[in-house]
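Next comes protein04.cif, a file with mmCIF, C-alpha atoms.
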```
data_data
loop_
_atom_site.group_PDB
_atom_site.id
_atom_site.type_symbol
_atom_site.label_atom_id
_atom_site.label_comp_id
_atom_site.auth_asym_id
_atom_site.auth_seq_id
_atom_site.Cartn_x
_atom_site.Cartn_y
_atom_site.Cartn_z
ATOM 1 C CA MET A 30 33.848 58.042 -32.947
ATOM 2 C CA THR A 31 36.219 55.188 -33.729
ATOM 3 C CA GLU A 32 38.370 55.685 -36.737
ATOM 4 C CA LYS A 33 38.135 53.056 -39.459
ATOM 5 C CA ASN A 34 41.196 50.902 -39.875
ATOM 6 C CA PRO A 35 42.297 51.350 -43.510
ATOM 7 C CA GLN A 36 43.245 47.661 -43.627
ATOM 8 C CA GLU A 37 39.864 46.493 -42.396
ATOM 9 C CA PRO A 38 38.068 44.808 -45.305
ATOM 10 C CA THR A 39 34.878 46.354 -46.599
ATOM 11 C CA MET A 40 31.847 44.438 -47.822
ATOM 12 C CA THR A 41 32.848 45.340 -51.366
ATOM 13 C CA ASP A 42 36.310 43.833 -50.809
ATOM 14 C CA CYS A 43 34.701 40.601 -49.614
ATOM 15 C CA ALA A 44 32.244 40.511 -52.519
ATOM 16 C CA ASP A 45 35.062 41.103 -55.012
ATOM 17 C CA PHE A 46 37.224 38.420 -53.417
ATOM 18 C CA GLN A 47 34.353 35.916 -53.348
ATOM 19 C CA ASP A 48 33.626 36.608 -57.006
ATOM 20 C CA ARG A 49 37.205 35.623 -57.820
ATOM 21 C CA LEU A 50 37.224 32.623 -55.503
ATOM 22 C CA PRO A 51 35.980 29.924 -57.944
ATOM 23 C CA GLU A 52 38.780 30.765 -60.370
ATOM 24 C CA LEU A 53 41.357 30.943 -57.566
ATOM 25 C CA PHE A 54 40.381 27.428 -56.485
ATOM 26 C CA GLU A 55 40.391 26.091 -60.014
ATOM 27 C CA THR A 56 43.806 27.502 -60.845
ATOM 28 C CA ASN A 57 45.251 26.236 -57.565
ATOM 29 C CA ALA A 58 46.371 29.759 -56.788
ATOM 30 C CA ASN A 59 48.364 30.162 -53.617
ATOM 31 C CA LEU A 60 45.744 31.741 -51.414
ATOM 32 C CA SER A 61 48.268 32.717 -48.769
ATOM 33 C CA ASP A 62 49.405 35.394 -51.243
ATOM 34 C CA GLU A 63 45.949 36.918 -51.317
ATOM 35 C CA GLU A 64 46.157 40.307 -49.666
ATOM 36 C CA HIS A 65 42.479 40.227 -48.771
ATOM 37 C CA LEU A 66 42.866 37.088 -46.666
ATOM 38 C CA LYS A 67 45.553 38.716 -44.562
ATOM 39 C CA HIS A 68 42.977 41.118 -43.186
ATOM 40 C CA CYS A 69 39.650 39.328 -43.475
ATOM 41 C CA GLU A 70 38.782 36.654 -40.941
ATOM 42 C CA ASN A 71 35.445 36.041 -42.562
ATOM 43 C CA CYS A 72 36.785 35.174 -46.002
ATOM 44 C CA THR A 73 39.636 33.204 -44.405
ATOM 45 C CA ALA A 74 37.053 31.077 -42.609
ATOM 46 C CA LEU A 75 35.085 30.726 -45.832
ATOM 47 C CA VAL A 76 38.117 29.522 -47.783
ATOM 48 C CA ARG A 77 39.043 27.083 -45.036
ATOM 49 C CA ASP A 78 35.501 25.679 -44.943
ATOM 50 C CA LEU A 79 35.288 25.269 -48.719
ATOM 51 C CA GLU A 80 38.640 23.483 -48.776
ATOM 52 C CA TYR A 81 37.500 21.277 -45.926
ATOM 53 C CA ILE A 82 34.227 20.419 -47.672
ATOM 54 C CA ALA A 83 36.083 19.460 -50.866
ATOM 55 C CA GLN A 84 38.423 17.251 -48.828
ATOM 56 C CA GLN A 85 35.608 15.593 -46.908
ATOM 57 C CA ALA A 86 33.722 14.876 -50.127
ATOM 58 C CA LYS A 87 36.141 12.014 -50.624
ATOM 59 C CA LEU A 88 34.413 10.297 -47.705
ATOM 60 C CA LEU A 89 31.440 9.900 -49.984
ATOM 61 C CA LEU A 90 33.068 7.524 -52.437
ATOM 62 C CA PRO A 91 30.621 4.805 -53.388
ATOM 63 C CA ILE A 92 30.475 1.961 -50.891
ATOM 64 C CA HIS A 93 27.223 0.223 -51.747
ATOM 65 C CA ASP A 94 26.478 -2.163 -54.577
ATOM 66 C CA PRO A 95 23.035 -2.635 -56.083
ATOM 67 C CA SER A 96 21.301 -5.864 -55.045
ATOM 68 C CA PRO A 97 21.936 -8.986 -57.172
ATOM 69 C CA THR A 98 18.356 -8.686 -58.482
ATOM 70 C CA VAL A 99 19.483 -5.764 -60.637
ATOM 71 C CA TRP A 100 21.846 -7.928 -62.674
ATOM 72 C CA ASP A 101 19.232 -10.719 -62.857
ATOM 73 C CA ASN A 102 16.746 -8.234 -64.329
ATOM 74 C CA ILE A 103 19.308 -6.866 -66.777
ATOM 75 C CA ARG A 104 20.217 -10.360 -67.924
ATOM 76 C CA SER A 105 16.609 -11.352 -68.538
ATOM 77 C CA ALA A 106 15.930 -8.057 -70.376
ATOM 78 C CA ILE A 107 18.967 -8.751 -72.567
ATOM 79 C CA LYS A 108 17.623 -12.242 -73.300
ATOM 80 C CA ASN A 109 14.249 -10.716 -74.225
ATOM 81 C CA ASP A 110 16.015 -8.252 -76.519
ATOM 82 C CA ALA A 111 17.878 -11.110 -78.192
ATOM 83 C CA THR A 112 14.696 -13.168 -78.596
ATOM 84 C CA GLN A 113 12.815 -10.231 -80.100
ATOM 85 C CA ASN A 114 15.684 -9.472 -82.456
ATOM 86 C CA SER A 115 15.875 -13.044 -83.711
ATOM 87 C CA THR A 116 12.067 -13.220 -84.076
ATOM 88 C CA SER A 117 11.935 -10.044 -86.098
ATOM 89 C CA SER A 118 14.863 -11.061 -88.307
ATOM 90 C CA SER A 119 13.190 -14.459 -88.944
ATOM 91 C CA ALA A 120 9.981 -12.635 -89.842
ATOM 92 C CA ARG A 121 11.899 -10.381 -92.202
ATOM 93 C CA SER A 122 13.632 -13.269 -93.957
ATOM 94 C CA ALA A 123 10.302 -15.141 -94.296
ATOM 95 C CA THR A 124 8.725 -12.235 -96.207
ATOM 96 C CA MET B 10 45.694 29.693 -38.796
ATOM 97 C CA SER B 11 45.170 31.592 -42.018
ATOM 98 C CA ALA B 12 43.615 30.064 -45.096
ATOM 99 C CA GLY B 13 46.989 29.989 -46.726
ATOM 100 C CA GLN B 14 48.262 27.761 -43.953
ATOM 101 C CA THR B 15 45.637 25.113 -44.402
ATOM 102 C CA GLU B 16 47.107 21.731 -45.144
ATOM 103 C CA SER B 17 46.039 21.279 -48.721
ATOM 104 C CA LYS B 18 44.097 22.628 -51.627
ATOM 105 C CA PRO B 19 41.261 20.479 -52.860
ATOM 106 C CA ALA B 20 42.157 20.439 -56.516
ATOM 107 C CA GLN B 21 45.863 19.815 -55.996
ATOM 108 C CA HIS B 22 45.368 16.730 -53.886
ATOM 109 C CA HIS B 23 42.299 15.466 -55.589
ATOM 110 C CA LEU B 24 42.895 11.869 -56.573
ATOM 111 C CA ARG B 25 41.727 10.751 -59.956
ATOM 112 C CA ARG B 26 38.757 8.482 -59.426
ATOM 113 C CA ASN B 27 38.484 6.988 -62.892
ATOM 114 C CA PRO B 28 41.896 5.585 -63.700
ATOM 115 C CA PRO B 29 42.194 3.039 -66.513
ATOM 116 C CA ILE B 30 40.909 -0.352 -65.384
ATOM 117 C CA VAL B 31 42.877 -3.469 -66.242
ATOM 118 C CA GLY B 32 40.956 -5.633 -68.683
ATOM 119 C CA GLU B 33 38.330 -2.992 -69.378
ATOM 120 C CA ALA B 34 39.366 -2.329 -72.989
ATOM 121 C CA GLU B 35 39.216 -6.043 -73.827
ATOM 122 C CA ALA B 36 35.829 -6.376 -72.129
ATOM 123 C CA ILE B 37 34.479 -3.401 -74.092
ATOM 124 C CA ALA B 38 35.654 -4.857 -77.401
ATOM 125 C CA ALA B 39 34.213 -8.266 -76.574
ATOM 126 C CA ALA B 40 30.909 -6.779 -75.368
ATOM 127 C CA GLN B 41 30.688 -4.764 -78.582
ATOM 128 C CA ALA B 42 30.983 -8.064 -80.421
ATOM 129 C CA GLY B 43 28.033 -9.405 -78.413
ATOM 130 C CA ASP B 44 29.861 -11.332 -75.690
ATOM 131 C CA GLU B 45 27.443 -11.418 -72.763
ATOM 132 C CA LYS B 46 30.113 -12.531 -70.296
ATOM 133 C CA ALA B 47 32.194 -9.468 -71.206
ATOM 134 C CA PHE B 48 29.157 -7.271 -70.639
ATOM 135 C CA GLU B 49 28.756 -8.830 -67.213
ATOM 136 C CA THR B 50 32.395 -7.915 -66.525
ATOM 137 C CA LEU B 51 31.673 -4.299 -67.450
ATOM 138 C CA TYR B 52 28.650 -4.367 -65.175
ATOM 139 C CA ALA B 53 30.765 -5.699 -62.312
ATOM 140 C CA LEU B 54 33.378 -2.978 -62.883
ATOM 141 C CA HIS B 55 30.974 -0.047 -63.028
ATOM 142 C CA LYS B 56 27.803 -1.009 -61.146
ATOM 143 C CA ARG B 57 28.859 0.601 -57.872
ATOM 144 C CA ARG B 58 29.554 4.038 -59.313
ATOM 145 C CA VAL B 59 26.478 4.099 -61.501
ATOM 146 C CA TYR B 60 24.286 2.910 -58.637
ATOM 147 C CA SER B 61 25.785 5.436 -56.228
ATOM 148 C CA LEU B 62 25.167 8.259 -58.669
ATOM 149 C CA CYS B 63 21.522 7.170 -59.044
ATOM 150 C CA LEU B 64 21.137 6.760 -55.295
ATOM 151 C CA ARG B 65 22.570 10.202 -54.558
ATOM 152 C CA MET B 66 20.354 11.831 -57.148
ATOM 153 C CA LEU B 67 17.156 10.037 -56.098
ATOM 154 C CA GLY B 68 17.689 9.219 -52.416
ATOM 155 C CA ASN B 69 15.694 6.018 -52.817
ATOM 156 C CA VAL B 70 17.119 2.500 -53.094
ATOM 157 C CA ALA B 71 14.322 0.995 -55.233
ATOM 158 C CA ALA B 72 14.320 3.882 -57.718
ATOM 159 C CA ALA B 73 18.129 3.912 -57.813
ATOM 160 C CA GLU B 74 18.171 0.190 -58.620
ATOM 161 C CA ASP B 75 15.575 0.665 -61.369
ATOM 162 C CA LEU B 76 17.621 3.420 -62.950
ATOM 163 C CA THR B 77 20.846 1.439 -62.615
ATOM 164 C CA GLN B 78 19.083 -1.316 -64.534
ATOM 165 C CA ASP B 79 17.884 1.174 -67.187
ATOM 166 C CA ALA B 80 21.349 2.670 -67.530
ATOM 167 C CA PHE B 81 23.002 -0.713 -68.094
ATOM 168 C CA LEU B 82 20.294 -1.809 -70.504
ATOM 169 C CA GLN B 83 20.927 1.346 -72.491
ATOM 170 C CA LEU B 84 24.614 0.579 -72.288
ATOM 171 C CA TYR B 85 23.970 -2.886 -73.715
ATOM 172 C CA ARG B 86 21.980 -1.422 -76.593
ATOM 173 C CA LYS B 87 24.416 1.404 -77.321
ATOM 174 C CA ILE B 88 27.802 -0.073 -76.546
ATOM 175 C CA GLY B 89 28.431 -0.563 -80.256
ATOM 176 C CA THR B 90 28.462 3.212 -80.658
ATOM 177 C CA PHE B 91 31.274 3.723 -78.113
ATOM 178 C CA ARG B 92 34.295 4.877 -80.087
ATOM 179 C CA GLY B 93 36.718 5.612 -77.279
ATOM 180 C CA ASP B 94 36.733 9.394 -77.802
ATOM 181 C CA SER B 95 36.395 9.765 -74.033
ATOM 182 C CA ALA B 96 37.090 7.402 -71.142
ATOM 183 C CA PHE B 97 34.539 4.602 -71.018
ATOM 184 C CA SER B 98 33.518 5.511 -67.465
ATOM 185 C CA THR B 99 32.865 9.111 -68.568
ATOM 186 C CA TRP B 100 30.770 7.892 -71.478
ATOM 187 C CA LEU B 101 28.840 5.514 -69.224
ATOM 188 C CA HIS B 102 28.350 8.215 -66.591
ATOM 189 C CA ARG B 103 26.983 10.551 -69.236
ATOM 190 C CA LEU B 104 24.518 7.866 -70.188
ATOM 191 C CA ALA B 105 23.567 7.318 -66.530
ATOM 192 C CA VAL B 106 23.198 11.072 -65.931
ATOM 193 C CA ASN B 107 20.809 11.263 -68.884
ATOM 194 C CA VAL B 108 18.771 8.371 -67.490
ATOM 195 C CA VAL B 109 18.543 10.153 -64.133
ATOM 196 C CA LEU B 110 17.564 13.484 -65.694
ATOM 197 C CA MET B 111 14.937 11.790 -67.890
ATOM 198 C CA HIS B 112 13.506 10.161 -64.772
ATOM 199 C CA LEU B 113 13.370 13.466 -62.903
ATOM 200 C CA ARG B 114 11.579 15.051 -65.857
ATOM 201 C CA LYS B 115 9.083 12.174 -66.102
ATOM 202 C CA LYS B 116 8.358 12.428 -62.397
ATOM 203 C CA GLY B 117 7.445 16.031 -63.110
ATOM 204 C CA LEU B 118 9.618 16.943 -60.163
ATOM 205 C CA PRO B 119 9.709 20.550 -60.917
ATOM 206 C CA GLN B 120 9.778 20.221 -64.729
ATOM 207 C CA ILE B 121 13.459 19.851 -64.813
ATOM 208 C CA SER B 122 15.485 20.712 -67.869
ATOM 209 C CA LEU B 123 19.221 20.313 -67.694
ATOM 210 C CA GLU B 124 19.584 24.086 -67.763
ATOM 211 C CA GLU B 125 17.146 24.440 -64.877
ATOM 212 C CA ALA B 126 18.836 21.643 -62.995
ATOM 213 C CA LEU B 127 22.104 23.461 -63.404
ATOM 214 C CA GLU B 128 20.709 26.834 -62.440
ATOM 215 C CA PRO B 129 18.561 26.515 -59.319
ATOM 216 C CA SER B 130 16.259 29.325 -58.346
ATOM 217 C CA GLN B 131 17.650 32.229 -56.381
ATOM 218 C CA ASP B 132 16.031 30.876 -53.201
ATOM 219 C CA ASP B 133 17.888 27.589 -53.528
ATOM 220 C CA GLY B 134 21.230 29.147 -54.329
ATOM 221 C CA PRO B 135 24.013 29.993 -51.920
ATOM 222 C CA ARG B 136 24.515 33.482 -50.586
ATOM 223 C CA LYS B 137 27.736 35.403 -50.534
ATOM 224 C CA ASP B 138 29.192 35.314 -47.049
ATOM 225 C CA ILE B 139 29.770 38.901 -46.136
ATOM 226 C CA GLY B 140 30.093 40.073 -42.599
ATOM 227 C CA ALA B 141 28.718 36.897 -41.027
ATOM 228 C CA ARG B 142 31.337 36.440 -38.372
ATOM 229 C CA ASP B 143 31.816 33.348 -36.202
ATOM 230 C CA LEU B 144 29.592 31.309 -38.417
ATOM 231 C CA ARG B 145 32.251 29.067 -39.786
ATOM 232 C CA LEU B 146 32.009 25.326 -39.535
ATOM 233 C CA SER B 147 33.140 24.047 -36.216
ATOM 234 C CA GLY B 148 34.626 20.654 -35.541
ATOM 235 C CA SER B 149 34.633 17.848 -38.035
ATOM 236 C CA ILE B 150 31.909 16.693 -40.382
ATOM 237 C CA ASP B 151 31.182 12.989 -40.482
ATOM 238 C CA ARG B 152 30.111 11.042 -43.538
ATOM 239 C CA VAL B 153 26.444 10.831 -42.500
ATOM 240 C CA THR B 154 26.148 14.561 -41.888
ATOM 241 C CA LEU B 155 27.793 15.397 -45.191
ATOM 242 C CA GLU B 156 25.690 12.807 -47.037
ATOM 243 C CA ARG B 157 22.532 14.371 -45.615
ATOM 244 C CA ALA B 158 23.624 17.867 -46.582
ATOM 245 C CA VAL B 159 24.416 16.703 -50.130
ATOM 246 C CA GLU B 160 20.903 15.209 -50.344
ATOM 247 C CA ASN B 161 19.511 18.658 -49.657
ATOM 248 C CA LEU B 162 21.385 20.361 -52.473
ATOM 249 C CA PRO B 163 19.334 21.359 -55.522
ATOM 250 C CA PRO B 164 19.706 18.598 -58.193
ATOM 251 C CA GLY B 165 22.036 20.536 -60.505
ATOM 252 C CA TYR B 166 24.430 21.510 -57.724
ATOM 253 C CA ARG B 167 24.303 17.966 -56.359
ATOM 254 C CA LEU B 168 25.150 16.467 -59.726
ATOM 255 C CA VAL B 169 28.191 18.656 -60.337
ATOM 256 C CA PHE B 170 29.420 18.304 -56.734
ATOM 257 C CA VAL B 171 29.144 14.508 -56.846
ATOM 258 C CA LEU B 172 30.775 14.249 -60.262
ATOM 259 C CA HIS B 173 33.681 16.571 -59.401
ATOM 260 C CA ASP B 174 34.393 16.422 -55.686
ATOM 261 C CA VAL B 175 33.241 12.868 -54.985
ATOM 262 C CA GLU B 176 33.879 11.021 -58.232
ATOM 263 C CA GLY B 177 36.863 13.064 -59.338
ATOM 264 C CA TYR B 178 35.788 14.016 -62.855
ATOM 265 C CA GLU B 179 37.403 17.054 -64.448
ATOM 266 C CA HIS B 180 35.323 20.058 -65.468
ATOM 267 C CA ASN B 181 35.805 19.325 -69.160
ATOM 268 C CA GLU B 182 34.425 15.811 -68.636
ATOM 269 C CA ILE B 183 31.478 17.125 -66.628
ATOM 270 C CA ALA B 184 30.769 19.766 -69.264
ATOM 271 C CA ASP B 185 30.739 16.989 -71.850
ATOM 272 C CA MET B 186 28.445 14.786 -69.742
ATOM 273 C CA LEU B 187 25.989 17.564 -69.000
ATOM 274 C CA SER B 188 26.277 19.390 -72.317
ATOM 275 C CA CYS B 189 27.154 22.615 -70.570
ATOM 276 C CA SER B 190 30.175 24.904 -70.664
ATOM 277 C CA ILE B 191 33.276 24.300 -68.552
ATOM 278 C CA GLY B 192 32.667 27.693 -66.943
ATOM 279 C CA ASN B 193 29.163 26.629 -66.016
ATOM 280 C CA SER B 194 30.485 23.460 -64.398
ATOM 281 C CA LYS B 195 33.060 25.455 -62.388
ATOM 282 C CA SER B 196 30.498 27.980 -61.292
ATOM 283 C CA GLN B 197 27.982 25.285 -60.259
ATOM 284 C CA LEU B 198 30.649 23.497 -58.249
ATOM 285 C CA HIS B 199 31.514 26.644 -56.350
ATOM 286 C CA LYS B 200 27.866 27.378 -55.678
ATOM 287 C CA ALA B 201 27.354 23.785 -54.550
ATOM 288 C CA ARG B 202 30.192 24.030 -52.018
ATOM 289 C CA MET B 203 28.884 27.389 -50.786
ATOM 290 C CA LYS B 204 25.380 25.971 -50.436
ATOM 291 C CA LEU B 205 26.722 22.907 -48.621
ATOM 292 C CA ARG B 206 28.507 25.171 -46.186
ATOM 293 C CA ASP B 207 25.236 27.001 -45.577
ATOM 294 C CA LEU B 208 23.438 23.710 -44.985
ATOM 295 C CA LEU B 209 26.134 22.341 -42.690
ATOM 296 C CA ARG B 210 26.302 25.540 -40.635
ATOM 297 C CA THR B 211 22.535 25.619 -40.316
ATOM 298 C CA GLY B 212 22.647 22.019 -39.075
ATOM 299 C CA GLN B 213 25.333 22.872 -36.540
ATOM 300 C CA ARG B 214 23.377 25.880 -35.282
ATOM 301 C CA LYS B 215 20.264 23.710 -34.852
ATOM 302 C CA GLU B 216 22.274 21.083 -32.977
ATOM 303 C CA ALA B 217 23.763 23.740 -30.739
ATOM 304 C CA ALA B 218 20.299 25.113 -29.952
ATOM 305 C CA VAL B 219 18.971 21.716 -28.770
#
```
Would you write out, as structure tokens, the structure that this file holds?
Amino acid sequence: MTEKNPQEPTMTDCADFQDRLPELFETNANLSDEEHLKHCENCTALVRDLEYIAQQAKLLLPIHDPSPTVWDNIRSAIKNDATQNSTSSSARSAT
Amino acid sequence: MSAGQTESKPAQHHLRRNPPIVGEAEAIAAAQAGDEKAFETLYALHKRRVYSLCLRMLGNVAAAEDLTQDAFLQLYRKIGTFRGDSAFSTWLHRLAVNVVLMHLRKKGLPQISLEEALEPSQDDGPRKDIGARDLRLSGSIDRVTLERAVENLPPGYRLVFVLHDVEGYEHNEIADMLSCSIGNSKSQLHKARMKLRDLLRTGQRKEAAV
């Protein structure tokens, strides 16, 4: 029977580490200091992937504009609003 | 290479995406006074981000354009109530997010409350990654692949991911926009990234099998 390496991470270690991960990211903690990552390839890969995904998200910055029709529609709706407002204020002052 | 040796941390190098815009304050004041030209300026400054948010949330150009129109019409009607307590773009995004969520509710797409949107069912959520060796992402992810994976995120995850990782909003701003806690925003972002990783790995495994 092979003896278990005391440094080999257990599933509980991984679960605990992954529970703490959101806060570690948010506080910009230095993950290289994390003892768990020194022994766990799986969580190391996870951290690297999550960092990579966050970096790549910048590729998704908006690049498309709405068609010019959108502004045309907004402008005519604004004109309608203005017409309705002036009609109703004229009606109010007439009464 | 260990995780600690990776080149950068996302939050540290995350560029602010809503810096102050030259001329915006003047345009806001003028639009509040009823200047239509100034309102057009505000539209020109913000149309792309509002439209992109709608497009990402709906995945449909026609619907995204309709909602962009609704959002700016609401802006026109409510701009007088903007007091500058938050950045204008944050305020406008909050308005646009509400328009999108209202639309999703009206469509009856799973009766979506903000709380539900922010807390997808267990089936939709990410799993912890324990003991799944050699399943990490391989190679690079291009824009199209990532865009497609983001489309497949549950709406609440997608919203927080887009607002934080793509648009660069801070958690306190997102919490304000979505009327949720900062902790909730942080937790949703983490789950969104985990779920994206799942989706991207699944895609890579399918590609490898072909």
Next on the checklist: Set the distance at 12 Å and use only C-alpha atoms: which residues neighbour Arg92 in chain B once local chain neighbours fewer than 6 positions away are removed? I'd like the list as a PyMOL selection string.
Outcome noted: chain B and resi 34+37-38+41+100
Checklist entry - Nearest to chain B among A:Leu89, A:Ala58, A:Asn109, A:Thr116, with distances taken over all atoms listed in the file: which residue is it? => result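 Result for the nearest residue to chain B: A:Leu89.
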Checklist entry - For chain A against chain B, which residues fall within 7 Å using all atoms listed in the file, given as a VMD selection string? => result chain A and resid 40 43 51 55 57 60 to 61 71 73 to 80 82 to 84 86 to 91 93 to 95 99 103
Export, as a CSV table (one decimal), in the frame of the given file, the selected residues with C-alpha atoms.
```csv
chain,number,residue,atom,x,y,z
A,40,MET,CA,31.8,44.4,-47.8
A,43,CYS,CA,34.7,40.6,-49.6
A,51,PRO,CA,36.0,29.9,-57.9
A,55,GLU,CA,40.4,26.1,-60.0
A,57,ASN,CA,45.3,26.2,-57.6
A,60,LEU,CA,45.7,31.7,-51.4
A,61,SER,CA,48.3,32.7,-48.8
A,71,ASN,CA,35.4,36.0,-42.6
A,73,THR,CA,39.6,33.2,-44.4
A,74,ALA,CA,37.1,31.1,-42.6
A,75,LEU,CA,35.1,30.7,-45.8
A,76,VAL,CA,38.1,29.5,-47.8
A,77,ARG,CA,39.0,27.1,-45.0
A,78,ASP,CA,35.5,25.7,-44.9
A,79,LEU,CA,35.3,25.3,-48.7
A,80,GLU,CA,38.6,23.5,-48.8
A,82,ILE,CA,34.2,20.4,-47.7
A,83,ALA,CA,36.1,19.5,-50.9
A,84,GLN,CA,38.4,17.3,-48.8
A,86,ALA,CA,33.7,14.9,-50.1
A,87,LYS,CA,36.1,12.0,-50.6
A,88,LEU,CA,34.4,10.3,-47.7
A,89,LEU,CA,31.4,9.9,-50.0
A,90,LEU,CA,33.1,7.5,-52.4
A,91,PRO,CA,30.6,4.8,-53.4
A,93,HIS,CA,27.2,0.2,-51.7
A,94,ASP,CA,26.5,-2.2,-54.6
A,95,PRO,CA,23.0,-2.6,-56.1
A,99,VAL,CA,19.5,-5.8,-60.6
A,103,ILE,CA,19.3,-6.9,-66.8
```
Checklist entry - Between B:Ile191, B:Val31, B:Ala42, B:Leu84, which is the closest to Arg103 in chain B once you count only C-alpha atoms? => result B:Leu84
Checklist entry - Quick one: distance from CA of Gln85 in chain A to CA of Glu70 in chain A in Å, one decimal? => result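 So the two atoms, CA of Gln85 in chain A and CA of Glu70 in chain A, lie 22.1 Å apart.
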Next on the checklist: Please return as a list in words every residue within 12 Å of (34.3, 17.9, -70.7), taking into account all atoms listed in the file and the file's own coordinates.
Outcome noted: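 Using all atoms listed in the file, the matching residues come out as Asp94, Ser95, Ala96, Thr99, Trp100, Arg103, Leu172, His173, Tyr178, Glu179, His180, Asn181, Glu182, Ile183, Ala184, Asp185, Met186, Leu187, Ser188, Cys189, Ser190, Ile191, Gly192, Asn193, Ser194 and Lys195 of chain B.
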Checklist entry - So how many Å separate CA of Glu33 in chain B and CA of Arg104 in chain A, to one decimal? => result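 Computed distance, CA of Glu33 in chain B to CA of Arg104 in chain A, equals 19.6 Å.
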